[in-house]
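Reading through the structure tokens given below for one structure.
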Amino acid sequence: MNLEELNEQTLNEQQQIRREKAEKLREKGIDPFGSAYKRTHFIKDIIAEYESKTKEELEALQVFVKVAGRIILKRGQGKAGFIHLQDKEGKLQAYVRMDAIGEEAYEIFKASDLGDIIGIEGVLFRTNTNELTIKVKTYTHLTKALRPLPDKFHGLQNKEEARRRRYVDLIVNEQSRFVALTRPKIIRAIQRFFDSRGFVEVETPVLQSILGGAAARPFVTHHNSLDMDFYLRIATELPLKRLLVGGLEAVYEIGRLFRNEGMDSKHNPEFTTIEAYLAYSDMEGMMDLIEDCLSFVANEVLGTDTFIYNDQEISFKKPFKRIHMVQAVKDACGVDFFKEYTLDEARALAKEHHIEIEKHYAIGHIIEAFFEHYVEDTIIQPTMVYGHPIEISPLAKKNANDPRFTDRFELFIMGSEYANAFSELNDPIDQYNRFLDQLKEKDLGNDEANEMDHDYVEALEYGMPPAGGLGLGIDRLVMLLTNTPNIRDVILFPHNRHR
């Protein structure tokens, strides 16, 4: 059996009919897959300018438009019919009459299918039901759709299938198109905010030879020419802080990170963040910066700093709540880690409170485990949790009053972490010893521990100014601002298992 015979067998009836229609277009001298088409308007601009016009005003204006898009609804028989045309940001009705476009063009129109892409020229008017409509004068076939669209009322019902075939999902699902078009607006607003504060946008390597900048499992690849293993970066932190040493003083990068970890509604192995670093600032400066940034972005994109996510009203009005991690744990379960517990006492408290601990856990890890168990899921409104233990913060500066803790905070909203920031550790000797502690954790089984980065320590020895740094998860921010509960629905092409 040859390929052509195999294709004949695997096509369903609708697909076969559409292929036959494509051949009939060719017989008429029309390319089923068209060529360039010059538009005068996008549909959303037509609606914005003329939706308020009355029937009489439109008749007087005689507004000529030339638009292109996909047929998503078609009705009517005989010598006239209606279609709904959809382009990237709008839908508009068109009225097609045989006596207006000619018999040959009308035959092409009648043979068109839902999903076909066409161009139309005509004049705006209002129908007897007062709907803004294009009265078509010229009808141009542009692209034949060889597969039918999903049912317009139900779309792609299987979420995994919608994510695999995002191109179809975008055609039939208005929310998916809204998210896809809003995401770049959010990123542009973030860029405008940091640019306006004097930050410089930079690019750093995706392939890194040393694992560092975060606690995460990496993807590993091999560079043939150098004969070296590299990691896909888990963070942009250490290269960006090298730029502070070099005197750039205020830098940021928006880019993809890669973590070889689990997938759920809040985690994808490939995701986008912004990391920003500011010389002569600190944790408090980063708290102010993230408040200002999120308030600015929400107002720029949504026109408000109060919005709904998962049926909960969220407010980005300043100031956000601020609380020490240990105080939050104490408030939730009564255990006070401000007290000087031994590791054995801390382990006993964990066992008493049914909190699992791992072999490499020090007291700081246990405090974090208490926080995750008792506090994290209870946080709804934007809350900055600060004072992280030193054991879980290898790149943050020690707190001057209590060196068990660091000047670090995480921003939590709706039970999830959205940002991580701290006063940057710029003491090369302290940093070297923190890397050694990370290596000890790795030996005890913590495969998310950082490796020793001698070059970074050397960079610090040249002198890095006191600084604050922050990282913000852009995918989760897009989820919030578009009321999308799953991270895989704010990423155009998330990773999926094979069918």
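All residue names refer to the structure tokens as shown: chains lettered A, B, ... in order, residues numbered from 1 in each chain, ligands numbered from 1 in order.
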
Neighbour list for Tyr309 (chain A) as a PyMOL selection string, cut-off 7 Å, only C-alpha atoms, skip fewer than 5 positions in-chain | chain A and resi 314+480+483

Enumerate the residues of region 120-208 of chain A with a DSSP assignment of alpha helix (DSSP H), computed from the backbone, and present them as a VMD selection string.
-> chain A and resid 159 to 164 166 to 172 174 to 196

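Around Gln208 (chain A), within 6 Å and counting only C-alpha atoms, the residues found are A:Phe230, A:Tyr231, A:Arg233, once anything fewer than 6 positions away on its own chain is removed.
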
Store the residues of this selection in a file with N, CA and C atoms, as an mmCIF file, in the first residue's frame.
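Output (result07.cif):
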```
data_model
loop_
_atom_site.group_PDB
_atom_site.id
_atom_site.type_symbol
_atom_site.label_atom_id
_atom_site.label_comp_id
_atom_site.auth_asym_id
_atom_site.auth_seq_id
_atom_site.Cartn_x
_atom_site.Cartn_y
_atom_site.Cartn_z
ATOM 1 N N PHE A 230 26.899 20.362 30.540
ATOM 2 C CA PHE A 230 26.335 21.635 30.962
ATOM 3 C C PHE A 230 24.950 21.403 31.547
ATOM 4 N N TYR A 231 24.539 22.348 32.395
ATOM 5 C CA TYR A 231 23.170 22.367 32.900
ATOM 6 C C TYR A 231 22.366 23.410 32.133
ATOM 7 N N ARG A 233 20.033 26.262 32.677
ATOM 8 C CA ARG A 233 20.066 27.075 33.888
ATOM 9 C C ARG A 233 18.803 26.896 34.735
#
```

With a distance cut-off of 12 Å and only C-alpha atoms, select the neighbouring residues of Lys137 (chain A), excluding the residue or stretch itself and same-chain residues fewer than 6 positions from it, and output the selection as a PyMOL selection string.
-> chain A and resi 64-67+94-102+105-106+119-124

Just the residues within 8 Å of region 140-142 of chain A, please, counting only C-alpha atoms, with nothing from its chain fewer than 3 positions along; format it as a list of chain:residue names.
-> A:Ile30, A:Asp31, A:Pro32, A:Phe33, A:Gly34, A:Ser35, A:Ala105, A:Ile108, A:Asp116, A:Ile117, A:Ile118, A:Gly119, A:Ile120

Selection near Glu368 (chain A), 9 Å with only C-alpha atoms, sequence-local residues under 5 positions removed, as number ranges by chain = A: 325-326, 363, 373, 388-389, 392

Output N, CA and C atoms for every residue in that selection, as a compact mmCIF listing (two decimals), in the first residue's frame.
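So the final result, stored in again16.txt, reads:
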```
# COMPACT_ATOMS: atom_id res chain seq x y z
N MET A 325 8.97 34.57 59.09
CA MET A 325 8.59 33.16 58.92
C MET A 325 8.37 32.47 60.26
N VAL A 326 9.26 32.71 61.21
CA VAL A 326 9.14 32.06 62.52
C VAL A 326 7.89 32.54 63.25
N ILE A 363 18.18 22.59 61.41
CA ILE A 363 17.04 23.26 62.05
C ILE A 363 16.32 24.16 61.05
N HIS A 373 3.89 23.30 56.05
CA HIS A 373 2.80 22.47 56.57
C HIS A 373 1.66 23.30 57.15
N HIS A 388 14.16 34.04 56.47
CA HIS A 388 14.40 32.63 56.18
C HIS A 388 15.68 32.15 56.90
N PRO A 389 15.67 30.91 57.39
CA PRO A 389 16.87 30.37 58.03
C PRO A 389 18.05 30.32 57.07
N ILE A 392 18.69 27.41 54.37
CA ILE A 392 17.94 27.32 53.11
C ILE A 392 18.13 28.57 52.25
```

Pick out the residues sitting within 10 Å of Thr378 (chain A), and hand them over as a PyMOL selection string; count only C-alpha atoms, and ignore anything fewer than 6 positions along from it in its own chain.
-> chain A and resi 332+372+412-416

Write a file of the just-selected residues containing N, CA and C atoms, as a short mmCIF file (atom, residue, chain, number, x, y, z; two decimals), in the first residue's frame.
```
data_model
loop_
_atom_site.label_atom_id
_atom_site.label_comp_id
_atom_site.auth_asym_id
_atom_site.auth_seq_id
_atom_site.Cartn_x
_atom_site.Cartn_y
_atom_site.Cartn_z
N ALA A 332 0.59 30.03 63.84
CA ALA A 332 -0.23 28.95 63.28
C ALA A 332 -0.31 27.72 64.17
N GLU A 372 5.71 25.31 55.56
CA GLU A 372 4.98 24.74 54.43
C GLU A 372 3.77 23.94 54.90
N PHE A 412 4.04 35.46 48.92
CA PHE A 412 3.03 34.42 48.76
C PHE A 412 1.67 35.06 48.47
N ILE A 413 0.93 34.44 47.54
CA ILE A 413 -0.43 34.85 47.21
C ILE A 413 -1.21 33.58 46.91
N MET A 414 -2.39 33.47 47.46
CA MET A 414 -3.26 32.31 47.21
C MET A 414 -2.52 30.98 47.43
N GLY A 415 -1.70 30.94 48.48
CA GLY A 415 -1.02 29.70 48.85
C GLY A 415 0.16 29.32 47.99
N SER A 416 0.60 30.23 47.10
CA SER A 416 1.74 29.93 46.23
C SER A 416 2.79 31.01 46.33
#
```

Can you work out the spacing between CA of Arg188 (chain A) and CA of Thr306 (chain A) in Å, to one decimal?
-> 19.8 Å

DSSP strand (DSSP E) residues within region 271-366 of chain A, listed as a count of residues only | 21

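When CA of Glu356 (chain A) is paired with CA of Tyr418 (chain A), their separation reads 24.7 Å.
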
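Shortest separation to Arg183 (chain A) among A:Gln327, A:Asn496, A:Thr482, A:Gln15 occurs at residue A:Thr482, atoms counted being only C-alpha atoms.
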
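Among A:Leu343, A:Leu61, A:Leu170, A:Ile274, the residue with the shortest atom-to-atom distance to Val202 (chain A), counting only C-alpha atoms, is A:Ile274.
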